[in-house]
file query_7.txt (compact mmCIF, C-alpha atoms and all ligand atoms)
# COMPACT_ATOMS: atom_id res chain seq x y z
CA MET A 19 0.00 0.00 0.00
CA ALA A 20 2.82 2.32 0.89
CA GLY A 21 4.41 1.58 -2.48
CA PHE A 22 1.18 2.39 -4.28
CA ARG A 23 0.87 5.71 -2.49
CA GLY A 24 4.50 6.43 -3.33
CA ARG A 25 3.88 5.90 -7.02
CA GLN A 26 0.77 8.01 -6.84
CA ALA A 27 2.68 10.83 -5.27
CA SER A 28 5.41 10.69 -7.89
CA THR A 29 3.07 10.54 -10.87
CA LEU A 30 0.23 12.71 -9.66
CA GLY A 31 2.02 15.27 -7.53
CA VAL A 32 1.86 18.96 -8.35
CA PRO A 33 4.41 19.82 -11.06
CA ILE A 34 7.22 21.94 -9.61
CA VAL A 35 9.52 24.00 -11.82
CA TYR A 36 13.11 24.66 -10.83
CA HIS A 37 16.32 25.71 -12.55
CA GLU A 38 19.71 25.75 -10.86
CA ALA A 39 20.35 29.22 -12.32
CA TYR A 40 17.56 30.72 -10.15
CA SER A 41 19.96 31.24 -7.26
CA ALA A 42 23.27 31.21 -9.11
CA PRO A 43 24.33 34.89 -9.11
CA GLU A 44 26.19 36.22 -6.12
CA LEU A 45 25.20 39.58 -4.73
CA PRO A 46 27.26 41.65 -2.31
CA VAL A 47 27.02 40.47 1.33
CA GLY A 48 24.06 42.13 3.03
CA HIS A 49 22.19 42.83 -0.22
CA ARG A 50 18.46 43.01 0.43
CA PHE A 51 17.46 40.61 -2.35
CA PRO A 52 17.46 37.04 -1.00
CA MET A 53 19.05 35.40 -4.04
CA GLY A 54 19.54 32.07 -2.26
CA VAL A 55 15.88 31.65 -1.36
CA PHE A 56 14.87 29.88 -4.57
CA ARG A 57 17.39 27.08 -4.16
CA CYS A 58 16.50 26.93 -0.48
CA ILE A 59 12.79 26.44 -1.31
CA TYR A 60 13.62 23.68 -3.79
CA ASP A 61 16.09 21.93 -1.47
CA THR A 62 13.59 22.07 1.40
CA LEU A 63 10.77 20.60 -0.70
CA ILE A 64 13.01 17.70 -1.74
CA ARG A 65 14.66 17.16 1.66
CA GLU A 66 11.34 17.09 3.50
CA GLY A 67 9.83 14.71 0.95
CA LYS A 68 7.09 17.12 -0.08
CA VAL A 69 8.20 16.87 -3.69
CA SER A 70 9.74 13.90 -5.47
CA ALA A 71 12.29 14.25 -8.23
CA SER A 72 9.77 13.03 -10.82
CA GLN A 73 7.55 16.05 -10.14
CA VAL A 74 10.32 18.49 -10.97
CA HIS A 75 10.50 20.15 -14.37
CA ARG A 76 13.62 21.99 -15.50
CA PRO A 77 12.55 24.78 -17.84
CA GLN A 78 14.04 24.61 -21.29
CA VAL A 79 12.57 27.04 -23.77
CA PRO A 80 14.31 27.57 -27.13
CA ALA A 81 16.14 30.91 -27.13
CA LEU A 82 14.26 32.27 -30.14
CA GLU A 83 10.90 31.35 -28.62
CA LEU A 84 11.85 32.97 -25.33
CA GLN A 85 13.03 36.12 -27.07
CA ALA A 86 9.81 36.36 -29.07
CA ALA A 87 7.80 36.01 -25.86
CA LEU A 88 9.86 38.72 -24.12
CA GLU A 89 9.31 41.07 -27.06
CA LEU A 90 5.53 40.69 -26.76
CA VAL A 91 5.78 42.70 -23.55
CA HIS A 92 9.11 44.49 -23.44
CA ASP A 93 10.76 47.17 -25.52
CA ALA A 94 13.25 45.50 -27.87
CA HIS A 95 15.92 48.15 -27.23
CA TYR A 96 15.61 47.73 -23.46
CA LEU A 97 15.95 43.95 -23.82
CA GLN A 98 18.96 44.33 -26.08
CA ARG A 99 20.71 46.65 -23.64
CA PHE A 100 19.95 44.36 -20.68
CA GLN A 101 21.14 41.25 -22.49
CA SER A 102 24.34 42.95 -23.64
CA GLY A 103 25.08 44.43 -20.21
CA THR A 104 24.77 48.03 -21.39
CA LEU A 105 21.96 49.45 -19.27
CA SER A 106 22.64 52.95 -17.97
CA ALA A 107 23.74 53.50 -14.39
CA ALA A 108 20.33 55.02 -13.62
CA GLU A 109 18.56 51.98 -15.05
CA GLU A 110 20.79 49.67 -13.00
CA ARG A 111 20.06 51.65 -9.84
CA ARG A 112 16.31 51.40 -10.42
CA ILE A 113 16.57 47.61 -10.80
CA GLY A 114 18.56 47.42 -7.57
CA PHE A 115 21.15 44.74 -8.35
CA GLY A 116 23.85 47.34 -9.11
CA GLU A 117 26.56 46.22 -11.51
CA ALA A 118 25.60 42.57 -10.92
CA VAL A 119 22.81 43.04 -13.46
CA ARG A 120 25.53 43.00 -16.14
CA SER A 121 26.85 39.61 -15.06
CA ALA A 122 26.30 36.61 -17.31
CA LYS A 123 24.87 34.70 -14.35
CA LEU A 124 22.24 37.31 -13.59
CA ILE A 125 21.26 37.54 -17.24
CA GLU A 126 21.01 33.72 -17.34
CA ARG A 127 19.00 33.74 -14.10
CA THR A 128 16.56 36.29 -15.44
CA LEU A 129 15.94 34.33 -18.63
CA ALA A 130 15.68 31.02 -16.76
CA GLU A 131 13.05 32.54 -14.48
CA VAL A 132 10.93 33.71 -17.43
CA ALA A 133 11.31 30.29 -19.07
CA GLY A 134 10.28 28.71 -15.78
CA THR A 135 7.17 30.84 -15.58
CA LEU A 136 6.22 30.00 -19.17
CA VAL A 137 6.64 26.29 -18.46
CA THR A 138 4.72 26.57 -15.17
CA ALA A 139 1.78 28.23 -16.89
CA GLU A 140 1.72 25.49 -19.54
CA LEU A 141 1.91 22.79 -16.86
CA ALA A 142 -0.95 24.44 -14.97
CA LEU A 143 -3.11 24.37 -18.10
CA LYS A 144 -2.27 20.69 -18.55
CA HIS A 145 -2.52 19.49 -14.95
CA GLY A 146 -4.70 22.09 -13.23
CA LEU A 147 -2.02 23.24 -10.80
CA ALA A 148 1.72 23.88 -11.09
CA CYS A 149 4.24 25.98 -9.17
CA ASN A 150 7.47 27.69 -10.05
CA THR A 151 10.12 27.95 -7.33
CA ALA A 152 10.78 31.53 -8.45
CA GLY A 153 8.89 34.13 -10.47
CA GLY A 154 6.63 37.06 -9.81
CA THR A 155 8.86 39.90 -11.04
CA HIS A 156 5.90 42.25 -11.07
CA HIS A 157 7.69 45.62 -10.84
CA ALA A 158 9.25 45.35 -14.31
CA HIS A 159 7.63 47.67 -16.87
CA HIS A 160 7.55 47.69 -20.67
CA ALA A 161 10.88 49.48 -21.05
CA ALA A 162 12.36 49.54 -17.54
CA GLY A 163 13.27 47.24 -14.71
CA SER A 164 12.50 48.19 -11.13
CA GLY A 165 12.58 46.84 -7.58
CA PHE A 166 14.76 43.73 -8.24
CA CYS A 167 12.71 42.92 -11.34
CA VAL A 168 14.47 43.09 -14.72
CA VAL A 169 11.70 41.71 -16.91
CA ASN A 170 8.12 40.83 -15.98
CA ASP A 171 7.85 37.05 -16.13
CA LEU A 172 4.13 37.05 -15.31
CA ALA A 173 3.34 39.45 -18.12
CA VAL A 174 5.57 37.67 -20.62
CA ALA A 175 3.97 34.29 -19.94
CA ALA A 176 0.45 35.75 -20.02
CA ALA A 177 1.09 37.51 -23.33
CA ALA A 178 2.66 34.40 -24.85
CA LEU A 179 -0.27 32.17 -23.87
CA LEU A 180 -2.76 34.68 -25.25
CA GLN A 181 -0.88 35.07 -28.50
CA ALA A 182 -0.64 31.32 -28.96
CA GLY A 183 -4.38 31.03 -28.41
CA ARG A 184 -3.85 28.76 -25.37
CA VAL A 185 -6.23 30.94 -23.32
CA LYS A 186 -8.65 33.79 -23.94
CA ARG A 187 -8.57 35.44 -20.52
CA ILE A 188 -6.08 35.44 -17.67
CA LEU A 189 -6.27 36.66 -14.09
CA ILE A 190 -3.00 37.76 -12.54
CA LEU A 191 -3.71 37.59 -8.82
CA ASP A 192 -0.94 39.43 -7.01
CA LEU A 193 -0.91 39.03 -3.22
CA ASP A 194 2.70 40.12 -2.77
CA VAL A 195 2.83 42.94 -0.21
CA HIS A 196 4.00 45.33 -2.93
CA GLN A 197 1.68 46.47 -5.68
CA GLY A 198 2.16 44.72 -9.04
CA ASP A 199 2.67 48.07 -10.73
CA GLY A 200 4.61 46.84 -13.74
CA THR A 201 2.02 44.18 -14.54
CA ALA A 202 -0.82 46.69 -14.13
CA CYS A 203 0.81 49.19 -16.50
CA ILE A 204 1.69 46.57 -19.11
CA PHE A 205 -1.89 45.33 -19.36
CA GLN A 206 -3.69 48.64 -18.93
CA GLY A 207 -6.51 48.76 -21.47
CA GLN A 208 -6.21 45.04 -22.29
CA PRO A 209 -9.35 43.41 -20.88
CA GLU A 210 -8.14 39.88 -21.66
CA VAL A 211 -5.71 40.20 -18.75
CA TYR A 212 -7.34 41.09 -15.44
CA THR A 213 -4.81 42.33 -12.91
CA CYS A 214 -5.66 42.22 -9.22
CA SER A 215 -3.25 43.45 -6.56
CA VAL A 216 -3.72 43.32 -2.78
CA HIS A 217 -0.87 45.19 -1.15
CA ALA A 218 0.23 47.47 1.67
CA ALA A 219 -0.79 51.04 0.88
CA ALA A 220 2.35 52.52 2.42
CA ASN A 221 4.81 50.22 0.67
CA PHE A 222 6.89 50.43 -2.51
CA PRO A 223 6.14 51.62 -5.16
CA ALA A 224 5.38 55.09 -3.85
CA ARG A 225 3.45 55.96 -7.00
CA LYS A 226 0.89 53.21 -7.52
CA ALA A 227 -0.35 52.09 -10.92
CA THR A 228 -3.97 51.23 -11.67
CA SER A 229 -4.71 47.51 -11.76
CA SER A 230 -8.08 46.13 -12.86
CA ARG A 231 -8.69 45.80 -9.12
CA ASP A 232 -6.52 47.25 -6.35
CA ILE A 233 -6.89 46.73 -2.63
CA ALA A 234 -4.50 48.85 -0.57
CA LEU A 235 -4.34 47.75 3.07
CA PRO A 236 -3.11 49.67 6.11
CA ASP A 237 0.03 48.75 8.04
CA GLY A 238 -0.47 46.02 10.61
CA THR A 239 -3.61 44.62 8.99
CA GLY A 240 -3.10 41.14 10.52
CA ASP A 241 -4.54 37.71 9.69
CA ASP A 242 -8.23 38.10 10.37
CA ALA A 243 -8.78 41.45 8.65
CA TYR A 244 -6.62 40.38 5.68
CA LEU A 245 -8.46 37.10 5.19
CA GLN A 246 -11.82 38.79 5.54
CA VAL A 247 -10.92 41.17 2.72
CA LEU A 248 -9.56 38.35 0.55
CA GLY A 249 -12.55 36.12 1.22
CA GLY A 250 -14.88 38.81 -0.09
CA LEU A 251 -12.61 39.75 -2.98
CA LEU A 252 -11.86 36.38 -4.59
CA PRO A 253 -15.40 35.47 -5.73
CA GLU A 254 -15.88 38.99 -7.15
CA VAL A 255 -12.60 38.93 -9.02
CA LEU A 256 -13.15 35.45 -10.42
CA ARG A 257 -16.63 36.49 -11.56
CA ASP A 258 -15.38 39.71 -13.17
CA ALA A 259 -12.23 38.25 -14.73
CA GLN A 260 -13.76 34.99 -16.06
CA PRO A 261 -10.23 33.61 -16.45
CA ASP A 262 -9.08 30.47 -18.25
CA LEU A 263 -5.97 30.56 -16.05
CA VAL A 264 -5.00 32.23 -12.77
CA MET A 265 -1.38 33.26 -12.37
CA TYR A 266 -0.86 33.66 -8.64
CA ASP A 267 1.99 35.75 -7.20
CA ALA A 268 2.10 34.29 -3.69
CA GLY A 269 4.58 36.75 -2.16
CA VAL A 270 5.08 35.97 1.52
CA ASP A 271 6.33 39.46 2.29
CA VAL A 272 2.97 40.03 3.97
CA HIS A 273 4.52 38.19 6.95
CA ALA A 274 5.13 40.00 10.22
CA ASP A 275 8.83 39.06 10.13
CA ASP A 276 9.46 40.20 6.58
CA VAL A 277 12.13 42.83 6.11
CA LEU A 278 10.02 44.80 3.64
CA GLY A 279 6.49 43.87 4.64
CA ARG A 280 3.95 45.75 6.70
CA LEU A 281 0.81 43.65 6.87
CA ALA A 282 1.77 41.55 9.91
CA LEU A 283 0.44 38.16 8.83
CA SER A 284 1.46 35.06 10.79
CA ASP A 285 2.60 31.68 9.42
CA ASP A 286 -0.93 30.42 9.97
CA GLY A 287 -2.41 33.47 8.26
CA ILE A 288 -0.33 32.81 5.14
CA ARG A 289 -1.25 29.11 5.21
CA ARG A 290 -4.95 30.07 5.40
CA ARG A 291 -4.45 32.58 2.58
CA GLU A 292 -2.96 29.93 0.28
CA LEU A 293 -5.76 27.48 1.09
CA MET A 294 -8.35 30.17 0.43
CA VAL A 295 -6.85 30.98 -2.97
CA LEU A 296 -6.45 27.33 -3.96
CA ASP A 297 -9.95 26.45 -2.77
CA SER A 298 -11.56 29.37 -4.58
CA VAL A 299 -9.74 28.92 -7.88
CA LEU A 300 -9.61 25.14 -8.13
CA ALA A 301 -13.22 24.74 -6.93
CA ALA A 302 -14.19 26.95 -9.88
CA ASN A 303 -12.30 24.46 -12.09
CA ILE A 304 -9.79 27.09 -13.21
CA PRO A 305 -6.11 26.10 -13.58
CA LEU A 306 -3.70 27.90 -11.24
CA ALA A 307 -0.01 28.61 -11.77
CA GLY A 308 1.77 29.67 -8.58
CA PHE A 309 4.86 31.86 -8.23
CA VAL A 310 7.07 32.65 -5.26
CA GLY A 311 6.96 36.45 -5.37
CA GLY A 312 8.72 38.43 -2.67
CA GLY A 313 9.55 37.62 0.87
CA ALA A 314 12.59 37.47 3.08
CA ALA A 315 12.49 36.91 6.81
CA ARG A 316 14.86 38.97 8.88
CA ALA A 317 16.39 35.67 10.03
CA ILE A 318 17.70 35.05 6.51
CA PHE A 319 19.87 38.11 6.74
CA GLU A 320 21.01 37.33 10.25
CA ALA A 321 22.05 33.77 9.31
CA PRO A 322 25.31 32.92 7.54
CA LEU A 323 24.82 33.30 3.79
CA SER A 324 26.18 29.79 3.30
CA ILE A 325 22.86 28.30 4.42
CA LEU A 326 21.17 29.88 1.41
ZN ZN B 401 7.11 42.17 -2.65

call {"tool": "encode", "arguments": {"input": "query_7.txt", "output": "structure tokens"}}
result
Amino acid sequence: MAGFRGRQASTLGVPIVYHEAYSAPELPVGHRFPMGVFRCIYDTLIREGKVSASQVHRPQVPALELQAALELVHDAHYLQRFQSGTLSAAEERRIGFGEAVRSAKLIERTLAEVAGTLVTAELALKHGLACNTAGGTHHAHHAAGSGFCVVNDLAVAAAALLQAGRVKRILILDLDVHQGDGTACIFQGQPEVYTCSVHAAANFPARKATSSRDIALPDGTGDDAYLQVLGGLLPEVLRDAQPDLVMYDAGVDVHADDVLGRLALSDDGIRRRELMVLDSVLAANIPLAGFVGGGAARAIFEAPLSIL
């Protein structure tokens, strides 16, 4: 019986997407972006037996196909300058990785993450649910990176699926503590992509964009108030968006211990949030693709970087 369950788990488990390049670049010690987190998530899932090797998909998207998808959303000149390491100093500052954004490893990481998000979205359409162990670079705009986001993987994957006729309507549900401003701007005036962002009002970006639906919450909102808002919001958004696919940015920077968060959710509050989203979307028989989004506990920065 145990063997049967084991086989079931390996063949029917949720597809998980991971690429070793996700955490490959090194940033200066003390940098606020938790580059090691993606490998840490993957290693933890495997070590704790929550994911078996047969569930794991390594994204491999042909370079020309990936480039064509990127150009559906991003300015070709911006992409060319990023990929050749010739962004201006001001552009590099806005992205936040400093000179590291010119490194081959960071360029490779960025492209691997977009490929991973494309593959995750396809797997979600095929299996009903799939998760990337990275993704959610929602601050990247059409012709500019911002806030540790070079290109917008969510937008690129959504645009590629729409163009290929794989879906007619997509909901990008962004519960990262920061507003998905890049995504909102990219799809402004495009009703086939419904953008919904629930975020902390006082957080980055200072100048908010206009999503299809925005909920800006006050500092210290906490579990019960947050979940009450979300519980009312999800049925409305699913009804209004009528999506063929939900792309879910599950940023955990809503947590009380997050270095950049403000909403003061607990571990249990985040667990209840994820169950609420999964229940609402999957019960409506809509495929869901999940992405890590932002989130870094203070403990990560206090621990030796070698554990990442
Ligand atoms: Zn965030």

call {"tool": "atom_distance", "arguments": {"input": "query_7.txt", "atom1": "atom CA of A:Ala315", "atom2": "atom CA of A:Ile233"}}
result
23.7 Å

call {"tool": "residues_near_ligand", "arguments": {"input": "query_7.txt", "ligand": "ligand ZN 401 (chain B)", "cutoff": "8 Å", "atoms": "only C-alpha atoms and all ligand atoms", "output": "PyMOL selection string"}}
result
chain A and resi 194-197+269-271+278-279+311-313

call {"tool": "closest_residue", "arguments": {"input": "query_7.txt", "among": "A:Val137, A:Ala302, A:Val55, A:Cys214", "to": "A:Ala234", "atoms": "only C-alpha atoms"}}
result
A:Cys214

call {"tool": "residues_around", "arguments": {"input": "query_7.txt", "residues": "A:Asp192", "least_positions_apart": "5", "cutoff": "12 Å", "atoms": "only C-alpha atoms", "output": "PyMOL selection string"}}
result
chain A and resi 153-157+172-173+197-202+212-218+229-234+248+252+255+264-272+295+307-312

call {"tool": "closest_residue", "arguments": {"input": "query_7.txt", "among": "A:Gly163, A:Pro43, A:Gly31, A:Pro77", "to": "A:Tyr96", "atoms": "all atoms listed in the file"}}
result
A:Gly163

call {"tool": "closest_residue", "arguments": {"input": "query_7.txt", "among": "A:Glu89, A:Glu131, A:Asp297, A:Glu254", "to": "A:Ala152", "atoms": "all atoms listed in the file"}}
result
A:Glu131

call {"tool": "closest_residue", "arguments": {"input": "query_7.txt", "among": "A:Ala219, A:Ile188, A:Leu141, A:Ile204", "to": "A:Gln260", "atoms": "all atoms listed in the file"}}
result
A:Ile188

call {"tool": "atom_distance", "arguments": {"input": "query_7.txt", "atom1": "atom CA of A:Ile190", "atom2": "atom CA of A:Leu281"}}
result
20.6 Å

call {"tool": "residues_around", "arguments": {"input": "query_7.txt", "residues": "A:Val79", "least_positions_apart": "2", "cutoff": "9 Å", "atoms": "all atoms listed in the file", "output": "VMD selection string"}}
result
chain A and resid 77 81 to 84 130 133 to 134 136 to 137

call {"tool": "write_last_selection", "arguments": {"input": "query_7.txt", "atoms": "C-alpha atoms", "output": "PDB file, in the coordinates of the input"}}
result
ATOM      1  CA  PRO A  77      12.550  24.780 -17.840  1.00  0.00           C
ATOM      2  CA  ALA A  81      16.140  30.910 -27.130  1.00  0.00           C
ATOM      3  CA  LEU A  82      14.260  32.270 -30.140  1.00  0.00           C
ATOM      4  CA  GLU A  83      10.900  31.350 -28.620  1.00  0.00           C
ATOM      5  CA  LEU A  84      11.850  32.970 -25.330  1.00  0.00           C
ATOM      6  CA  ALA A 130      15.680  31.020 -16.760  1.00  0.00           C
ATOM      7  CA  ALA A 133      11.310  30.290 -19.070  1.00  0.00           C
ATOM      8  CA  GLY A 134      10.280  28.710 -15.780  1.00  0.00           C
ATOM      9  CA  LEU A 136       6.220  30.000 -19.170  1.00  0.00           C
ATOM     10  CA  VAL A 137       6.640  26.290 -18.460  1.00  0.00           C
TER      11      VAL A 137
END

call {"tool": "atom_distance", "arguments": {"input": "query_7.txt", "atom1": "atom CA of A:Ala71", "atom2": "atom CA of A:His145"}}
result
17.1 Å
